[in-house]
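Peer 1: Got a structure for you, questions after.
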Amino acid sequence: MLSSLGRWSAVSTLLGSALAATTAEWKSRSVYQTMTDRFARTDGSTTAPCNTTQGLYCGGTWRGTMDKLDYIQGMGFDAVMISPVIENIDGRVSYGEAYHGYWPLDLYSLNSKFGTHQDLLDLSEALHARGMYLMMDTVINNMAYMTNGKDPAKNIDYSVFTPFNDSSYFHPYCKITDWNNYTNAQLCQTGDNKVALPDLFTEHEEVQHILEKWAKDIMTTYSIDGLRIDAAKHVDTGFLKNFGDAIGAFMTGEVLQREVDTICQYQNNYITSVPNYPIYYSMLEAFTLGNTSDLANQVEIMKNSCDDVTALVSFSENHDMARFASMTKDMSLAKNVLTFTILFDGVPMVYQGQEQHLDGPGTPDNREAIWLTGYNTDAELYKLIAKLNTIRKHAYKLDPGYISLQTYPIFRGGSELGFRKGVEGRQVIMLLSTQGSNSSAYNLTMPSELVVPMDKGEPRVFFPTGLMPGSGLCGWPAENVSFVELKTKAAAAVSAAAATRAGGVVVVVGLSVILTSLFAAL
C-alpha cells in the first residue's frame with residue numbers, strides 16, 4: 001500500500017511520464033461506469049450476496065473488474081470509469097460503510113478493500129492493452145470523519161487526515177442550508193452528523209498545490225487517462241479551473257443542476273465537461289411522461305448556451321439517481337433512452353447494470369451487485385448497446401469530425417422525435433418513440449416522404465447503406481474493408497447530398513432507399 005507522497009513520486013519516476021488523454025481524444029470514447037465494490041469480485045462469484053440496503057462492502061475489486069473486461073468490451077465500450085481509489089475511513093454508521101469510495105481519509109494510500117498497488121497497475125495495463133481508456137472518479141472537495149451523531153463542529157480530529165492534518169486546511173464548519181446558494185454550497189460541508197465531510201479550503205494556495213501534485217502523480221503512476229470530479233459544484237470555481245489546467249487531461253465534473261445557464265456557465269468558464277443534466281431531465285420527461293417538445297427544445301437551447309455540448313457527458317443513469325427501470329419497466333422505452341444517450345452529442349457514459357435493466361429506485365438500491373445478474377450477454381439492452389456503440393464508432397471512422405458536430409431535431413410528432421447527427425450523406429438519424437411496448441404497428445411519414453414502419457414503440461436508427469461495409473452490422477462485414485475506399489464513397493455521398501440542396505434547405509431525396517435501419521429486427 002502506498003503511504004506517502006514520496007512513494008507516489010518514486011513510482012512515478014520509475015514508470016516515466018504518462019500522457020493522459022485530451023478532451024478531443026475522449027470525445028470518440030464511450031464510457032462504462034463501474035462502482036468497484038459492486039461490479040466484480042476477485043473470485044468471479046456470481047452468487048455471493050450483497051446487502052445493498054444496509055450499504056456494506058460487498059467485495060468488488062480491481063482484479064475482479066480486470067477479469068470482466070470482456071463483458072464490458074463486448075458492449076463496445078472503449079473506456080471504463082472506476083470508483084475513487086484512495087483510502088477511506090473505516091467503521092460503520094446506520095446507512096453503511098465507505099464501499100463507494102467517497103469518504104477519503106488518506107490521499108497517499110489506496111483503498112485496500114479494492115486491492116493492491118499491483119492490482120491497480122494491472123487493471124490499467126489490461127485496459128490499455130485493449131486500446132481502452134481508464135477514468136478515475138475523484139474527490140477533491142472534502143475529507144471524511146465519522147462523528148456518529150456527535151456535533152461535527154466540535155468532534156472532528158483533523159490530525160487523522162493525510163496530508164491535510166490540521167483544521168487550517170479546511171473551511172470552518174458549517175452545514176449547507178441552501179444548496180442553490182453557491183457561496184453556501186462551496187464554503188459549507190455536504191455531510192451530516194454521522195459522517196462529516198470537512199470542506200477543504202480550496203481557495204488556499206497550499207491546498208491547491210497539494211491536490212494538483214497528488215493528481216498528477218497518481219495519474220502518472222497508474223496511467224489514468226481522465227478524471228471525473230465528484231461534487232464539482234461544491235469546489236471553489238477558481239480552483240476547479242486551476243486544477244483542470246494543471247492536470248492537462250480530460251476532466252468532467254459533477255454539477256447536479258437541471259438549469260442550462262448553470263451547466264453552461266461551468267463549462268464555459270471553469271471546467272471542460274460536466275454531465276449533461278438538463279438533457280437528462282428532459283429525456284426523462286420525454287420517455288416517462290411523453291413530453292417530446294421539451295427534449296427537442298432543450299437540445300437547441302443547449303447548443304446556443306454551451307461552448308461545446310459535444311464535450312459534455314451524455315447519460316441516462318448514474319449511481320446517484322433512480323434507475324430508469326424504477327420509473328417504468330417498459331423495455332421499448334428503455335431502448336429509446338439508451339439510443340438517445342449513446343447517439344446524442346457528448347461522451348456517452350452508461351452506468352453498470354443499465355444493460356441488465358436493473359430497477360433500483362435510488363441510493364442505495366441503485367448500487368446493486370452486478371454479479372447477481374450473471375453478466376448476461378444475451379440481455380436485450382446489452383446487445384442493443386453493442387449495436388449503438390458500433391454504429392457510433394463506424395460513423396467516427398468514416399469522419400473523425402463526426403463527434404464534434406451537433407445533433408439537431410428533424411422531426412417532432414405527437415409521440416415521436418427525429419434527430420440527425422453528421423454531415424449530410426454520411427449522417428446518423430435516430431427516430432425515437434414515447435409510445436412504449438404496447439404500441440401497434442403503423443407507418444410514420446417524415447419530411448421528404450420517408451416512410452418509416454414503427455412497431456411496439458421501438459427506436460429506429462438509419463445510416464447510408466453504401467457506407468455500411470466495415471461496420472459489422474446488418475450483415476455487412478466488420479473486417480477486410482478498405483477505409484480509404486469507403487471514405488472516398490463517403491465524400492462522394494456528401495457531394496451528392498449537397499447537390500440536392502435548394503434555397504438553403506436540405507432535400508433528402510430517396511432517403512428510404514439509401515438508408516438502412518439498424519433496428520428492423522429488434
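Following the order of the C-alpha cells, chains are lettered A, B, ..., residues in each are numbered from 1, and ligands are numbered from 1.
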May I have the residues within 7 Å of region 122-137 of chain A as a tab-separated table (two decimals) with all heavy atoms, in the first residue's frame, using only C-alpha atoms and disregarding those fewer than 6 positions away in the same chain?
Peer 2:
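And here is the file that came out, part06.tsv:
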chain	number	residue	atom	x	y	z
A	62	TRP	N	-10.51	-4.37	-7.98
A	62	TRP	CA	-9.91	-4.01	-9.27
A	62	TRP	C	-9.58	-5.25	-10.08
A	62	TRP	O	-9.75	-5.26	-11.30
A	62	TRP	CB	-8.64	-3.18	-9.05
A	62	TRP	CG	-8.92	-1.87	-8.38
A	62	TRP	CD1	-9.93	-1.01	-8.66
A	62	TRP	CD2	-8.16	-1.28	-7.32
A	62	TRP	NE1	-9.85	0.09	-7.84
A	62	TRP	CE2	-8.79	-0.04	-7.01
A	62	TRP	CE3	-7.04	-1.65	-6.59
A	62	TRP	CZ2	-8.30	0.81	-6.01
A	62	TRP	CZ3	-6.55	-0.81	-5.59
A	62	TRP	CH2	-7.19	0.40	-5.31
A	63	ARG	N	-9.12	-6.30	-9.41
A	63	ARG	CA	-8.80	-7.53	-10.14
A	63	ARG	C	-10.08	-8.17	-10.69
A	63	ARG	O	-10.08	-8.73	-11.78
A	63	ARG	CB	-8.04	-8.50	-9.24
A	63	ARG	CG	-7.41	-9.65	-10.02
A	63	ARG	CD	-6.18	-10.20	-9.34
A	63	ARG	NE	-5.09	-9.24	-9.30
A	63	ARG	CZ	-4.25	-9.02	-10.32
A	63	ARG	NH1	-4.42	-9.66	-11.47
A	63	ARG	NH2	-3.28	-8.14	-10.22
A	66	MET	N	-10.87	-6.29	-13.79
A	66	MET	CA	-9.97	-6.68	-14.87
A	66	MET	C	-10.44	-8.00	-15.51
A	66	MET	O	-10.39	-8.15	-16.73
A	66	MET	CB	-8.55	-6.83	-14.33
A	66	MET	CG	-7.51	-7.17	-15.38
A	66	MET	SD	-5.83	-7.14	-14.71
A	66	MET	CE	-5.91	-8.53	-13.58
A	78	ASP	N	-15.04	1.53	-24.91
A	78	ASP	CA	-13.59	1.62	-25.01
A	78	ASP	C	-13.01	2.53	-23.92
A	78	ASP	O	-11.92	3.07	-24.06
A	78	ASP	CB	-13.15	2.10	-26.40
A	78	ASP	CG	-13.94	3.29	-26.91
A	78	ASP	OD1	-14.58	3.98	-26.09
A	78	ASP	OD2	-13.93	3.54	-28.12
A	79	ALA	N	-13.75	2.67	-22.82
A	79	ALA	CA	-13.25	3.37	-21.63
A	79	ALA	C	-14.04	2.87	-20.42
A	79	ALA	O	-15.22	2.52	-20.54
A	79	ALA	CB	-13.40	4.89	-21.77
A	80	VAL	N	-13.37	2.85	-19.28
A	80	VAL	CA	-14.00	2.40	-18.04
A	80	VAL	C	-13.72	3.43	-16.95
A	80	VAL	O	-12.59	3.90	-16.81
A	80	VAL	CB	-13.46	1.03	-17.59
A	80	VAL	CG1	-14.02	0.63	-16.22
A	80	VAL	CG2	-13.80	-0.05	-18.62
A	81	MET	N	-14.76	3.80	-16.21
A	81	MET	CA	-14.57	4.65	-15.03
A	81	MET	C	-14.68	3.79	-13.78
A	81	MET	O	-15.60	2.98	-13.66
A	81	MET	CB	-15.61	5.77	-14.97
A	81	MET	CG	-15.32	6.75	-13.82
A	81	MET	SD	-16.45	8.16	-13.77
A	81	MET	CE	-17.78	7.51	-12.77
A	82	ILE	N	-13.73	3.96	-12.88
A	82	ILE	CA	-13.75	3.24	-11.61
A	82	ILE	C	-13.99	4.20	-10.45
A	82	ILE	O	-13.82	5.42	-10.58
A	82	ILE	CB	-12.42	2.47	-11.38
A	82	ILE	CG1	-11.24	3.44	-11.37
A	82	ILE	CG2	-12.24	1.39	-12.44
A	82	ILE	CD1	-9.90	2.78	-11.02
A	83	SER	N	-14.39	3.66	-9.31
A	83	SER	CA	-14.64	4.45	-8.11
A	83	SER	C	-13.36	5.11	-7.62
A	83	SER	O	-12.25	4.69	-7.99
A	83	SER	CB	-15.19	3.55	-7.00
A	83	SER	OG	-16.36	2.88	-7.41
A	84	PRO	N	-13.47	6.12	-6.74
A	84	PRO	CA	-12.26	6.71	-6.14
A	84	PRO	C	-11.39	5.62	-5.52
A	84	PRO	O	-11.91	4.68	-4.90
A	84	PRO	CB	-12.82	7.66	-5.08
A	84	PRO	CG	-14.18	8.04	-5.60
A	84	PRO	CD	-14.70	6.81	-6.28
A	222	TYR	N	-0.49	5.39	-12.37
A	222	TYR	CA	-1.43	4.36	-12.85
A	222	TYR	C	-1.91	4.60	-14.28
A	222	TYR	O	-2.86	3.96	-14.72
A	222	TYR	CB	-2.60	4.25	-11.88
A	222	TYR	CG	-2.16	3.82	-10.50
A	222	TYR	CD1	-2.15	4.72	-9.44
A	222	TYR	CD2	-1.69	2.53	-10.28
A	222	TYR	CE1	-1.71	4.33	-8.17
A	222	TYR	CE2	-1.25	2.13	-9.03
A	222	TYR	CZ	-1.26	3.03	-7.98
A	222	TYR	OH	-0.81	2.64	-6.74
A	223	SER	N	-1.23	5.50	-14.99
A	223	SER	CA	-1.57	5.78	-16.40
A	223	SER	C	-3.07	6.05	-16.56
A	223	SER	O	-3.75	5.46	-17.41
A	223	SER	CB	-1.15	4.62	-17.30
A	223	SER	OG	0.24	4.41	-17.21
A	224	ILE	N	-3.59	6.94	-15.74
A	224	ILE	CA	-5.01	7.30	-15.77
A	224	ILE	C	-5.23	8.34	-16.86
A	224	ILE	O	-4.49	9.32	-16.96
A	224	ILE	CB	-5.46	7.81	-14.39
A	224	ILE	CG1	-5.43	6.65	-13.39
A	224	ILE	CG2	-6.85	8.42	-14.45
A	224	ILE	CD1	-5.47	7.08	-11.94
A	225	ASP	N	-6.23	8.12	-17.68
A	225	ASP	CA	-6.43	8.95	-18.87
A	225	ASP	C	-7.35	10.14	-18.66
A	225	ASP	O	-7.38	11.06	-19.49
A	225	ASP	CB	-7.02	8.08	-19.99
A	225	ASP	CG	-6.11	6.92	-20.33
A	225	ASP	OD1	-5.05	7.15	-20.94
A	225	ASP	OD2	-6.45	5.77	-19.98
A	226	GLY	N	-8.16	10.13	-17.60
A	226	GLY	CA	-9.08	11.24	-17.36
A	226	GLY	C	-9.71	11.12	-15.99
A	226	GLY	O	-9.64	10.06	-15.34
A	227	LEU	N	-10.33	12.20	-15.54
A	227	LEU	CA	-10.91	12.24	-14.20
A	227	LEU	C	-12.38	12.64	-14.25
A	227	LEU	O	-12.80	13.43	-15.09
A	227	LEU	CB	-10.19	13.26	-13.31
A	227	LEU	CG	-8.69	13.08	-13.08
A	227	LEU	CD1	-8.18	14.22	-12.18
A	227	LEU	CD2	-8.38	11.73	-12.46
A	228	ARG	N	-13.14	12.07	-13.32
A	228	ARG	CA	-14.47	12.59	-13.01
A	228	ARG	C	-14.36	13.22	-11.63
A	228	ARG	O	-13.88	12.58	-10.69
A	228	ARG	CB	-15.50	11.47	-13.01
A	228	ARG	CG	-16.94	11.95	-12.70
A	228	ARG	CD	-17.45	11.36	-11.43
A	228	ARG	NE	-18.84	11.74	-11.14
A	228	ARG	CZ	-19.35	11.76	-9.91
A	228	ARG	NH1	-18.61	11.46	-8.85
A	228	ARG	NH2	-20.60	12.11	-9.72
A	229	ILE	N	-14.77	14.48	-11.48
A	229	ILE	CA	-14.66	15.19	-10.22
A	229	ILE	C	-15.99	15.13	-9.48
A	229	ILE	O	-17.00	15.67	-9.94
A	229	ILE	CB	-14.25	16.66	-10.43
A	229	ILE	CG1	-12.95	16.73	-11.24
A	229	ILE	CG2	-14.10	17.37	-9.08
A	229	ILE	CD1	-11.77	16.05	-10.59
A	230	ASP	N	-15.99	14.45	-8.35
A	230	ASP	CA	-17.19	14.36	-7.52
A	230	ASP	C	-17.48	15.72	-6.89
A	230	ASP	O	-16.56	16.45	-6.51
A	230	ASP	CB	-16.97	13.31	-6.43
A	230	ASP	CG	-18.17	13.15	-5.53
A	230	ASP	OD1	-19.22	12.72	-6.03
A	230	ASP	OD2	-18.05	13.47	-4.32
Peer 1: Run DSSP on the backbone and grab whatever in region 390-464 of chain A lands in helix (DSSP H, G or I); send it over as a list in words.
Peer 2: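 So, restricting region 390-464 of chain A to helix (DSSP H, G or I), we get Thr390, Ile391, Arg392, Lys393, His394, Ala395, Tyr396, Lys397, Leu398, Tyr402, Ile403, Ser404, Pro447, Ser448 and Glu449 of chain A.
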Peer 1: Write out as number ranges by chain which residues come within 10 Å of Tyr71 (chain A) when counting only C-alpha atoms, dropping same-chain ones fewer than 4 positions away.
Peer 2: A: 65, 67, 75-77, 375-377, 382
Peer 1: Between CA of Met430 (chain A) and CA of Gly418 (chain A), what distance in Å does the model show, to one decimal?
Peer 2: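 Taking CA of Met430 (chain A) as the start and CA of Gly418 (chain A) as the end point, the length is 5.7 Å.
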Peer 1: Please, which residues of region 135-186 of chain A, numbered as in this document, come out strand (DSSP E) from DSSP, as number ranges by chain?
Peer 2: A: 135-138, 145-146
Peer 1: Can you pull out every residue within 8 Å of region 350-358 of chain A, counting only C-alpha atoms, but drop anything in the same chain fewer than 2 positions away, and send it as a PyMOL selection string?
Peer 2: chain A and resi 31-35+39+315-319+323+325-326+334+348+360+366+368+370+373+376+379-382+385
Peer 1: Output N, CA, C and O atoms for every residue in that selection, as a CSV table (one decimal), in the first residue's frame.
Peer 2:
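Contents of selection33.csv, as written:
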chain,number,residue,atom,x,y,z
A,31,VAL,N,-18.0,5.4,-22.5
A,31,VAL,CA,-17.6,5.0,-21.1
A,31,VAL,C,-18.6,4.1,-20.4
A,31,VAL,O,-19.8,4.4,-20.4
A,32,TYR,N,-18.0,3.1,-19.8
A,32,TYR,CA,-18.8,2.2,-18.9
A,32,TYR,C,-18.4,2.6,-17.5
A,32,TYR,O,-17.3,2.4,-17.0
A,33,GLN,N,-19.4,3.1,-16.7
A,33,GLN,CA,-19.2,3.5,-15.3
A,33,GLN,C,-19.4,2.3,-14.4
A,33,GLN,O,-20.4,1.8,-14.3
A,34,THR,N,-18.3,2.0,-13.6
A,34,THR,CA,-18.4,0.9,-12.6
A,34,THR,C,-18.4,1.5,-11.2
A,34,THR,O,-17.8,2.6,-11.0
A,35,MET,N,-19.0,0.8,-10.3
A,35,MET,CA,-18.8,1.1,-8.9
A,35,MET,C,-18.0,-0.1,-8.4
A,35,MET,O,-18.5,-1.3,-8.3
A,39,PHE,N,-19.1,-4.3,-8.7
A,39,PHE,CA,-19.1,-4.7,-10.1
A,39,PHE,C,-18.6,-6.2,-10.3
A,39,PHE,O,-19.2,-7.0,-10.9
A,315,PHE,N,-25.7,10.9,-20.4
A,315,PHE,CA,-26.0,9.8,-19.6
A,315,PHE,C,-27.5,9.7,-19.3
A,315,PHE,O,-28.2,10.7,-19.5
A,316,SER,N,-28.0,8.6,-18.9
A,316,SER,CA,-29.4,8.4,-18.5
A,316,SER,C,-29.5,7.7,-17.2
A,316,SER,O,-30.6,7.5,-16.7
A,317,GLU,N,-28.4,7.2,-16.6
A,317,GLU,CA,-28.4,6.6,-15.3
A,317,GLU,C,-27.1,6.9,-14.7
A,317,GLU,O,-26.0,7.0,-15.4
A,318,ASN,N,-27.0,7.0,-13.4
A,318,ASN,CA,-25.8,7.0,-12.6
A,318,ASN,C,-26.0,6.6,-11.2
A,318,ASN,O,-27.2,6.3,-10.8
A,319,HIS,N,-25.0,6.5,-10.4
A,319,HIS,CA,-25.1,6.0,-9.1
A,319,HIS,C,-25.8,6.8,-8.1
A,319,HIS,O,-26.1,6.4,-6.9
A,323,ARG,N,-32.8,4.5,-11.1
A,323,ARG,CA,-32.7,3.9,-12.4
A,323,ARG,C,-33.9,4.1,-13.2
A,323,ARG,O,-35.0,4.2,-12.7
A,325,ALA,N,-35.5,2.0,-15.1
A,325,ALA,CA,-36.5,1.0,-14.9
A,325,ALA,C,-37.3,1.0,-13.6
A,325,ALA,O,-38.3,0.3,-13.5
A,326,SER,N,-36.9,1.9,-12.7
A,326,SER,CA,-37.7,2.1,-11.5
A,326,SER,C,-38.9,3.0,-11.8
A,326,SER,O,-39.8,3.1,-11.0
A,334,ALA,N,-36.9,1.9,-22.5
A,334,ALA,CA,-35.5,1.8,-22.1
A,334,ALA,C,-34.6,1.8,-23.3
A,334,ALA,O,-33.5,2.4,-23.3
A,348,PRO,N,-20.7,9.5,-24.3
A,348,PRO,CA,-21.7,8.7,-23.6
A,348,PRO,C,-21.2,7.9,-22.5
A,348,PRO,O,-20.1,7.3,-22.6
A,360,GLY,N,-33.2,-0.3,-9.4
A,360,GLY,CA,-33.1,0.4,-8.1
A,360,GLY,C,-33.7,1.8,-8.1
A,360,GLY,O,-33.3,2.6,-9.0
A,366,ASN,N,-29.9,1.6,-6.1
A,366,ASN,CA,-29.4,1.6,-7.4
A,366,ASN,C,-27.9,1.3,-7.5
A,366,ASN,O,-27.3,1.5,-8.5
A,368,GLU,N,-26.7,-2.0,-7.0
A,368,GLU,CA,-26.8,-3.4,-6.9
A,368,GLU,C,-25.5,-4.1,-7.3
A,368,GLU,O,-24.7,-3.5,-8.1
A,370,ILE,N,-23.6,-6.3,-9.6
A,370,ILE,CA,-23.9,-6.7,-11.0
A,370,ILE,C,-23.7,-8.2,-11.1
A,370,ILE,O,-24.3,-8.8,-12.0
A,373,THR,N,-26.5,-10.7,-11.7
A,373,THR,CA,-27.2,-10.8,-13.0
A,373,THR,C,-26.6,-11.9,-13.8
A,373,THR,O,-27.1,-12.3,-14.9
A,376,ASN,N,-25.2,-11.3,-17.9
A,376,ASN,CA,-25.9,-11.9,-19.0
A,376,ASN,C,-25.7,-11.1,-20.4
A,376,ASN,O,-26.2,-10.0,-20.6
A,379,ALA,N,-28.8,-10.4,-22.7
A,379,ALA,CA,-29.8,-9.4,-22.3
A,379,ALA,C,-30.1,-8.5,-23.5
A,379,ALA,O,-29.2,-8.0,-24.2
A,380,GLU,N,-31.4,-8.1,-23.7
A,380,GLU,CA,-31.8,-7.2,-24.8
A,380,GLU,C,-31.0,-5.9,-24.9
A,380,GLU,O,-30.5,-5.5,-25.9
A,381,LEU,N,-30.8,-5.3,-23.7
A,381,LEU,CA,-30.2,-4.0,-23.7
A,381,LEU,C,-28.7,-4.1,-23.9
A,381,LEU,O,-28.0,-3.2,-24.4
A,382,TYR,N,-28.1,-5.2,-23.4
A,382,TYR,CA,-26.7,-5.5,-23.6
A,382,TYR,C,-26.4,-5.5,-25.1
A,382,TYR,O,-25.4,-4.9,-25.6
A,385,ILE,N,-26.8,-2.0,-26.8
A,385,ILE,CA,-25.7,-1.1,-26.5
A,385,ILE,C,-24.6,-1.4,-27.5
A,385,ILE,O,-23.9,-0.5,-28.0
Peer 1: Write out as a compact mmCIF listing (two decimals) with N, CA and C atoms, in the first residue's frame each polymer residue whose atoms come within 9 Å of Ala185 (chain A), counting only C-alpha atoms; drop sequence neighbours fewer than 4 positions from it.
Peer 2:
# COMPACT_ATOMS: atom_id res chain seq x y z
N LYS A 175 -23.01 23.83 8.04
CA LYS A 175 -23.84 22.90 7.28
C LYS A 175 -24.51 23.67 6.14
N ILE A 176 -24.55 23.08 4.96
CA ILE A 176 -25.23 23.72 3.84
C ILE A 176 -26.71 23.87 4.15
N THR A 177 -27.21 25.09 4.01
CA THR A 177 -28.63 25.34 4.26
C THR A 177 -29.39 25.65 2.98
N ASP A 178 -28.67 26.07 1.94
CA ASP A 178 -29.30 26.37 0.66
C ASP A 178 -28.39 25.84 -0.46
N TRP A 179 -28.75 24.69 -1.01
CA TRP A 179 -27.90 24.03 -1.99
C TRP A 179 -27.81 24.81 -3.30
N ASN A 180 -28.70 25.75 -3.52
CA ASN A 180 -28.66 26.57 -4.73
C ASN A 180 -27.96 27.90 -4.51
N ASN A 181 -27.52 28.14 -3.29
CA ASN A 181 -26.70 29.31 -2.99
C ASN A 181 -25.25 28.86 -3.08
N GLN A 189 -20.19 22.23 4.44
CA GLN A 189 -19.94 20.83 4.13
C GLN A 189 -21.19 20.08 3.70
N THR A 190 -20.98 19.04 2.88
CA THR A 190 -22.07 18.26 2.31
C THR A 190 -22.45 17.06 3.18
N LYS A 233 -19.58 21.01 -8.09
CA LYS A 233 -20.37 22.20 -7.76
C LYS A 233 -19.94 22.82 -6.44
N HIS A 234 -19.39 22.00 -5.54
CA HIS A 234 -19.05 22.46 -4.19
C HIS A 234 -17.59 22.88 -4.06
N VAL A 235 -16.83 22.75 -5.14
CA VAL A 235 -15.42 23.16 -5.16
C VAL A 235 -15.32 24.61 -5.61
Peer 1: Please identify all polymer residues within 10 Å of Asn276 (chain A), counting only C-alpha atoms, omitting same-chain residues fewer than 4 positions from it, and present them as a list in words.
Peer 2: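 Using only C-alpha atoms, the neighbours found are Glu254, Val255, Leu256, Gln257, Arg258, Val260, Ile263, Cys264, Tyr280, Tyr281, Met302, Val309, Ala311, Leu312, Val313, Ser314, Phe315, Ser316, Asp345, Gly346 and Val347 of chain A.
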Peer 1: Leaving out Met454 (chain A) and any residue of its chain fewer than 2 positions from it, which residues lie within 10 Å of it when counting only C-alpha atoms, given as a PyMOL selection string?
Peer 2: chain A and resi 431-433+439-444+451-452+456-460+520
Peer 1: Between A:Leu467, A:Ile403, A:Cys50, A:Leu473, which residue has the minimum interatomic distance to Tyr99 (chain A), considering only C-alpha atoms?
Peer 2: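 Checking each candidate against Tyr99 (chain A), we get A:Cys50 as the closest.
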Peer 1: For Asp365 (chain A), which residue among A:Ala153, A:Met321, A:Leu120, A:Ala249 is the nearest when counting only C-alpha atoms?
Peer 2: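 Result for the nearest residue to Asp365 (chain A): A:Met321.
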Peer 1: Hey, which of A:Pro104, A:Pro364, A:Gly466, A:Gly436 ends up closest to Phe287 (chain A)? Count only C-alpha atoms.
Peer 2: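 Selected residue with least distance to Phe287 (chain A): A:Gly436.
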Peer 1: Which residue is closest to Ser109 (chain A)? Choose from A:Phe344, A:Phe250, A:Trp214, A:Phe243 and count only C-alpha atoms.
Peer 2: A:Trp214
Peer 1: Quick one: of A:Gly60, A:Pro469, A:Pro447, A:Pro361, who's nearest to Leu398 (chain A), counting only C-alpha atoms?
Peer 2: A:Pro469
Peer 1: Provide the CA of Tyr396 (chain A) to CA of Asp70 (chain A) distance in Å, to one decimal place.
Peer 2: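 These two atoms are separated by 22.6 Å.
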